[in-house]
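Q: My structure file data_0.pdb, PDB, C-alpha atoms, pLDDT in the B column, is below:
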```pdb
ATOM      1  CA  MET Q  24       2.532  -3.781  12.270  1.00 46.00           C
ATOM      2  CA  ASN Q  25       4.830  -1.857   9.955  1.00 47.00           C
ATOM      3  CA  VAL Q  26       6.572   1.419  10.806  1.00 44.00           C
ATOM      4  CA  PHE Q  27       4.255   3.464   8.634  1.00 45.00           C
ATOM      5  CA  ALA Q  28       1.180   2.208  10.458  1.00 47.00           C
ATOM      6  CA  SER Q  29       2.801   3.212  13.752  1.00 45.00           C
ATOM      7  CA  ARG Q  30       3.590   6.678  12.374  1.00 45.00           C
ATOM      8  CA  VAL Q  31      -0.068   7.163  11.538  1.00 46.00           C
ATOM      9  CA  ARG Q  32      -0.875   6.361  15.148  1.00 46.00           C
ATOM     10  CA  ASN Q  33       1.717   8.497  16.936  1.00 47.00           C
ATOM     11  CA  GLY Q  34       2.679  11.122  14.335  1.00 48.00           C
ATOM     12  CA  ARG Q  35       6.466  10.785  14.826  1.00 51.00           C
ATOM     13  CA  MET Q  36       9.107   9.788  12.306  1.00 51.00           C
ATOM     14  CA  ASN Q  37      11.653   7.151  13.391  1.00 53.00           C
ATOM     15  CA  ASP Q  38      15.033   6.059  11.956  1.00 55.00           C
ATOM     16  CA  ALA Q  39      13.508   3.556   9.539  1.00 52.00           C
ATOM     17  CA  GLU Q  40      11.267   6.257   8.124  1.00 51.00           C
ATOM     18  CA  HIS Q  41      14.217   8.632   7.698  1.00 46.00           C
ATOM     19  CA  ARG Q  42      16.030   5.905   5.716  1.00 50.00           C
ATOM     20  CA  ALA Q  43      12.885   5.340   3.636  1.00 50.00           C
ATOM     21  CA  SER Q  44      12.775   9.068   2.924  1.00 52.00           C
ATOM     22  CA  ASP Q  45      16.354   8.917   1.582  1.00 55.00           C
ATOM     23  CA  VAL Q  46      15.502   5.967  -0.680  1.00 51.00           C
ATOM     24  CA  ARG Q  47      12.330   7.712  -1.853  1.00 52.00           C
ATOM     25  CA  SER Q  48      14.365  10.596  -3.240  1.00 57.00           C
ATOM     26  CA  ARG Q  49      16.617   8.257  -5.298  1.00 67.00           C
ATOM     27  CA  CYS Q  50      14.026   5.938  -6.924  1.00 77.00           C
ATOM     28  CA  ALA Q  51      12.331   6.742 -10.207  1.00 84.00           C
ATOM     29  CA  LEU Q  52       9.215   4.769  -9.281  1.00 90.00           C
ATOM     30  CA  SER Q  53       7.591   3.919  -5.977  1.00 91.00           C
ATOM     31  CA  VAL Q  54       4.717   1.463  -5.754  1.00 93.00           C
ATOM     32  CA  SER Q  55       2.763   0.370  -2.725  1.00 93.00           C
ATOM     33  CA  LEU Q  56      -0.009  -2.175  -2.479  1.00 94.00           C
ATOM     34  CA  ILE Q  57      -2.728  -2.505   0.124  1.00 95.00           C
ATOM     35  CA  ALA Q  58      -4.044  -6.063   0.113  1.00 93.00           C
ATOM     36  CA  LEU Q  59      -5.148  -8.982   2.236  1.00 92.00           C
ATOM     37  CA  PHE Q  60      -2.449 -11.175   0.682  1.00 93.00           C
ATOM     38  CA  PRO Q  61       0.390  -8.837  -0.391  1.00 93.00           C
ATOM     39  CA  GLU Q  62       2.940 -11.648  -0.160  1.00 94.00           C
ATOM     40  CA  ILE Q  63       1.522 -13.101  -3.388  1.00 94.00           C
ATOM     41  CA  VAL Q  64       2.449  -9.938  -5.296  1.00 94.00           C
ATOM     42  CA  GLU Q  65       5.774  -9.671  -3.452  1.00 93.00           C
ATOM     43  CA  ALA Q  66       6.732 -13.146  -4.702  1.00 93.00           C
ATOM     44  CA  ALA Q  67       5.791 -12.305  -8.289  1.00 94.00           C
ATOM     45  CA  ILE Q  68       7.708  -9.017  -8.505  1.00 94.00           C
ATOM     46  CA  SER Q  69      10.846 -10.386  -6.851  1.00 94.00           C
ATOM     47  CA  VAL Q  70      11.845 -12.352  -9.950  1.00 94.00           C
ATOM     48  CA  GLY Q  71      12.593 -11.541 -13.570  1.00 95.00           C
ATOM     49  CA  VAL Q  72      12.979  -8.035 -14.959  1.00 95.00           C
ATOM     50  CA  THR Q  73      11.062  -6.392 -12.128  1.00 94.00           C
ATOM     51  CA  GLY Q  74      13.151  -8.175  -9.511  1.00 94.00           C
ATOM     52  CA  ARG Q  75      16.434  -7.143 -11.122  1.00 95.00           C
ATOM     53  CA  ALA Q  76      15.287  -3.527 -11.512  1.00 94.00           C
ATOM     54  CA  ARG Q  77      14.226  -3.465  -7.890  1.00 94.00           C
ATOM     55  CA  ASP Q  78      17.595  -4.914  -6.785  1.00 94.00           C
ATOM     56  CA  ARG Q  79      19.328  -2.102  -8.685  1.00 93.00           C
ATOM     57  CA  GLY Q  80      17.255   0.517  -6.905  1.00 92.00           C
ATOM     58  CA  LEU Q  81      15.342   1.632  -9.996  1.00 94.00           C
ATOM     59  CA  TRP Q  82      12.020   1.214  -8.228  1.00 94.00           C
ATOM     60  CA  ARG Q  83      10.762   0.321  -4.799  1.00 93.00           C
ATOM     61  CA  PHE Q  84       7.792  -1.579  -3.466  1.00 93.00           C
ATOM     62  CA  GLN Q  85       6.071  -1.514  -0.101  1.00 94.00           C
ATOM     63  CA  PRO Q  86       3.285  -3.965   0.662  1.00 95.00           C
ATOM     64  CA  PHE Q  87       0.718  -2.985   3.278  1.00 96.00           C
ATOM     65  CA  GLN Q  88      -1.236  -5.764   4.975  1.00 96.00           C
ATOM     66  CA  LEU Q  89      -4.774  -4.398   5.304  1.00 95.00           C
ATOM     67  CA  ARG Q  90      -5.368  -6.357   8.519  1.00 95.00           C
ATOM     68  CA  ASP Q  91      -2.607  -4.312  10.227  1.00 96.00           C
ATOM     69  CA  PHE Q  92      -4.983  -1.346  10.128  1.00 96.00           C
ATOM     70  CA  ALA Q  93      -8.034  -3.091  11.613  1.00 94.00           C
ATOM     71  CA  PHE Q  94      -9.407  -1.976  14.963  1.00 90.00           C
ATOM     72  CA  ASP Q  95     -10.525  -5.216  16.581  1.00 90.00           C
ATOM     73  CA  ALA Q  96      -8.612  -8.177  18.003  1.00 92.00           C
ATOM     74  CA  ARG Q  97      -9.673 -10.400  15.094  1.00 91.00           C
ATOM     75  CA  LYS Q  98      -8.272  -7.920  12.535  1.00 93.00           C
ATOM     76  CA  THR Q  99     -11.615  -7.763  10.729  1.00 90.00           C
ATOM     77  CA  VAL Q 100     -11.541  -5.815   7.464  1.00 92.00           C
ATOM     78  CA  ASP Q 101     -14.674  -7.027   5.707  1.00 88.00           C
ATOM     79  CA  GLY Q 102     -18.196  -5.872   6.415  1.00 82.00           C
ATOM     80  CA  ARG Q 103     -21.665  -6.783   5.270  1.00 78.00           C
ATOM     81  CA  PRO Q 104     -22.990  -5.455   1.962  1.00 79.00           C
ATOM     82  CA  ALA Q 105     -25.603  -2.739   2.335  1.00 75.00           C
ATOM     83  CA  GLY Q 106     -29.010  -4.260   1.829  1.00 75.00           C
ATOM     84  CA  GLY Q 107     -27.713  -7.779   2.433  1.00 74.00           C
ATOM     85  CA  GLY Q 108     -26.873 -10.264  -0.246  1.00 75.00           C
ATOM     86  CA  ALA Q 109     -23.751 -12.159  -1.200  1.00 75.00           C
ATOM     87  CA  GLY Q 110     -20.316 -10.659  -1.603  1.00 72.00           C
ATOM     88  CA  MET Q 111     -17.576  -9.007   0.360  1.00 76.00           C
ATOM     89  CA  VAL Q 112     -17.289  -5.336   1.170  1.00 84.00           C
ATOM     90  CA  LEU Q 113     -14.173  -3.858   2.725  1.00 86.00           C
ATOM     91  CA  MET Q 114     -14.682  -1.729   5.819  1.00 89.00           C
ATOM     92  CA  GLN Q 115     -13.893   1.919   5.232  1.00 90.00           C
ATOM     93  CA  GLU Q 116     -11.904   2.589   8.422  1.00 93.00           C
ATOM     94  CA  PRO Q 117      -9.058   0.077   7.900  1.00 94.00           C
ATOM     95  CA  LEU Q 118      -8.814   1.026   4.224  1.00 93.00           C
ATOM     96  CA  ASP Q 119      -8.647   4.750   5.056  1.00 94.00           C
ATOM     97  CA  ARG Q 120      -5.900   4.146   7.620  1.00 95.00           C
ATOM     98  CA  ALA Q 121      -3.932   2.004   5.158  1.00 95.00           C
ATOM     99  CA  VAL Q 122      -4.178   4.689   2.446  1.00 94.00           C
ATOM    100  CA  VAL Q 123      -2.873   7.309   4.903  1.00 94.00           C
ATOM    101  CA  ALA Q 124       0.086   5.046   5.748  1.00 94.00           C
ATOM    102  CA  ALA Q 125       0.822   4.367   2.068  1.00 94.00           C
ATOM    103  CA  LYS Q 126       0.708   8.083   1.246  1.00 93.00           C
ATOM    104  CA  ALA Q 127       3.085   8.765   4.149  1.00 93.00           C
ATOM    105  CA  TRP Q 128       5.491   6.184   2.723  1.00 93.00           C
ATOM    106  CA  HIS Q 129       5.364   7.799  -0.731  1.00 91.00           C
ATOM    107  CA  GLY Q 130       5.618  11.405   0.325  1.00 86.00           C
ATOM    108  CA  ALA Q 131       3.592  14.534  -0.270  1.00 76.00           C
ATOM    109  CA  ASP Q 132       2.871  14.129  -3.999  1.00 83.00           C
ATOM    110  CA  ALA Q 133       1.491  10.581  -3.867  1.00 86.00           C
ATOM    111  CA  LYS Q 134      -1.276   9.532  -6.222  1.00 87.00           C
ATOM    112  CA  VAL Q 135      -3.822   6.948  -5.099  1.00 88.00           C
ATOM    113  CA  VAL Q 136      -5.471   4.437  -7.422  1.00 87.00           C
ATOM    114  CA  LEU Q 137      -8.299   2.444  -5.869  1.00 82.00           C
ATOM    115  CA  LEU Q 138      -9.572  -0.446  -7.954  1.00 79.00           C
ATOM    116  CA  ALA Q 139     -13.148  -1.689  -7.739  1.00 75.00           C
ATOM    117  CA  PRO Q 140     -14.941  -4.423  -9.666  1.00 71.00           C
ATOM    118  CA  ASP Q 141     -17.691  -2.040 -10.777  1.00 76.00           C
ATOM    119  CA  GLY Q 142     -15.418   0.829 -11.794  1.00 72.00           C
ATOM    120  CA  ASP Q 143     -14.287   1.971 -15.204  1.00 76.00           C
ATOM    121  CA  ARG Q 144     -11.883  -0.214 -17.129  1.00 78.00           C
ATOM    122  CA  LEU Q 145      -8.242   0.809 -16.610  1.00 76.00           C
ATOM    123  CA  GLU Q 146      -6.660   1.482 -20.004  1.00 83.00           C
ATOM    124  CA  GLN Q 147      -3.292   2.916 -21.036  1.00 85.00           C
ATOM    125  CA  ARG Q 148      -4.633   6.299 -22.164  1.00 84.00           C
ATOM    126  CA  GLY Q 149      -6.184   6.764 -18.708  1.00 80.00           C
ATOM    127  CA  VAL Q 150      -2.911   5.832 -17.006  1.00 80.00           C
ATOM    128  CA  LYS Q 151      -1.073   8.570 -18.926  1.00 75.00           C
ATOM    129  CA  GLN Q 152      -3.279  11.270 -17.367  1.00 68.00           C
TER     130      GLN Q 152
END
```
Would you mind giving the structure from this file in structure tokens?
A:
Amino acid sequence: MNVFASRVRNGRMNDAEHRASDVRSRCALSVSLIALFPEIVEAAISVGVTGRARDRGLWRFQPFQLRDFAFDARKTVDGRPAGGGAGMVLMQEPLDRAVVAAKAWHGADAKVVLLAPDGDRLEQRGVKQ
């Protein structure tokens, strides 16, 4: 479990979080990702232009493993679709806890973007809002 998940549980800030707070104030862009396989994205952004910019401290990235926020021993994060049928539905509780941890990592003015397959298409003019 990462330090931000533990902060959500006990409400205290430790040394690692104080260091993260210092970095947060120096970076122009902070991005976090809540996913079942965040290491895939981590590998992709560690190379090329994004990797060099990150190495220079121009932006920072924090992956959050959704299973770290699950309640049961099996780290279950998917539930059954309402009404049955095929597909995967994420459980609300682990996702809510992960969003709280991500917002704590970003600071008070964090914006949250949740993507869904049935949502509106994300276009540049909407990003500028």
Q: Starting from the PyMOL selection byres ((chain Q and resi 121-123) around 8), expand the selection into actual residues of this file and give them as a PyMOL selection string.
A: chain Q and resi 28+31+57+87+89+92+117-120+124-127+135
Q: Evaluated on this file, the PyMOL selection byres ((chain Q and resi 98) around 12) picks out some residues - which ones are they, written as a PyMOL selection string?
A: chain Q and resi 24+59+88-97+99-102+114+116-117
Q: Can you write just those residues out, C-alpha atoms, as an mmCIF file, keeping the file's coordinate frame?
A:
```
data_model
loop_
_atom_site.group_PDB
_atom_site.id
_atom_site.type_symbol
_atom_site.label_atom_id
_atom_site.label_comp_id
_atom_site.auth_asym_id
_atom_site.auth_seq_id
_atom_site.Cartn_x
_atom_site.Cartn_y
_atom_site.Cartn_z
ATOM 1 C CA MET Q 24 2.532 -3.781 12.270
ATOM 2 C CA LEU Q 59 -5.148 -8.982 2.236
ATOM 3 C CA GLN Q 88 -1.236 -5.764 4.975
ATOM 4 C CA LEU Q 89 -4.774 -4.398 5.304
ATOM 5 C CA ARG Q 90 -5.368 -6.357 8.519
ATOM 6 C CA ASP Q 91 -2.607 -4.312 10.227
ATOM 7 C CA PHE Q 92 -4.983 -1.346 10.128
ATOM 8 C CA ALA Q 93 -8.034 -3.091 11.613
ATOM 9 C CA PHE Q 94 -9.407 -1.976 14.963
ATOM 10 C CA ASP Q 95 -10.525 -5.216 16.581
ATOM 11 C CA ALA Q 96 -8.612 -8.177 18.003
ATOM 12 C CA ARG Q 97 -9.673 -10.400 15.094
ATOM 13 C CA THR Q 99 -11.615 -7.763 10.729
ATOM 14 C CA VAL Q 100 -11.541 -5.815 7.464
ATOM 15 C CA ASP Q 101 -14.674 -7.027 5.707
ATOM 16 C CA GLY Q 102 -18.196 -5.872 6.415
ATOM 17 C CA MET Q 114 -14.682 -1.729 5.819
ATOM 18 C CA GLU Q 116 -11.904 2.589 8.422
ATOM 19 C CA PRO Q 117 -9.058 0.077 7.900
#
```
Q: With only C-alpha atoms as the atoms that count, which of Q:Ala133, Q:Ala139, Q:Val150, Q:Cys50 lies nearest to Gly80 (chain Q)?
A: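 Of Q:Ala133, Q:Ala139, Q:Val150, Q:Cys50, the one nearest Gly80 (chain Q), counting only C-alpha atoms, is Q:Cys50.
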Q: If we count only C-alpha atoms and set the cut-off at 12 Å, which residues sit around Thr73 (chain Q), ignoring sequence neighbours fewer than 3 positions away in its own chain? Please answer as a tab-separated table (two decimals) with C-alpha atoms, in the frame of the given file.
A:
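Dumped everything to around.tsv:
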```
chain	number	residue	atom	x	y	z
Q	52	LEU	CA	9.22	4.77	-9.28
Q	54	VAL	CA	4.72	1.46	-5.75
Q	64	VAL	CA	2.45	-9.94	-5.30
Q	65	GLU	CA	5.77	-9.67	-3.45
Q	66	ALA	CA	6.73	-13.15	-4.70
Q	67	ALA	CA	5.79	-12.30	-8.29
Q	68	ILE	CA	7.71	-9.02	-8.51
Q	69	SER	CA	10.85	-10.39	-6.85
Q	70	VAL	CA	11.84	-12.35	-9.95
Q	76	ALA	CA	15.29	-3.53	-11.51
Q	77	ARG	CA	14.23	-3.46	-7.89
Q	78	ASP	CA	17.60	-4.91	-6.78
Q	79	ARG	CA	19.33	-2.10	-8.68
Q	80	GLY	CA	17.26	0.52	-6.90
Q	81	LEU	CA	15.34	1.63	-10.00
Q	82	TRP	CA	12.02	1.21	-8.23
Q	83	ARG	CA	10.76	0.32	-4.80
Q	84	PHE	CA	7.79	-1.58	-3.47
```
Q: Can you work out the spacing between CA of Ile63 (chain Q) and CA of Arg75 (chain Q) in Å, to one decimal?
A: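 Atom-to-atom, CA of Ile63 (chain Q) and CA of Arg75 (chain Q) are spaced 17.8 Å apart.
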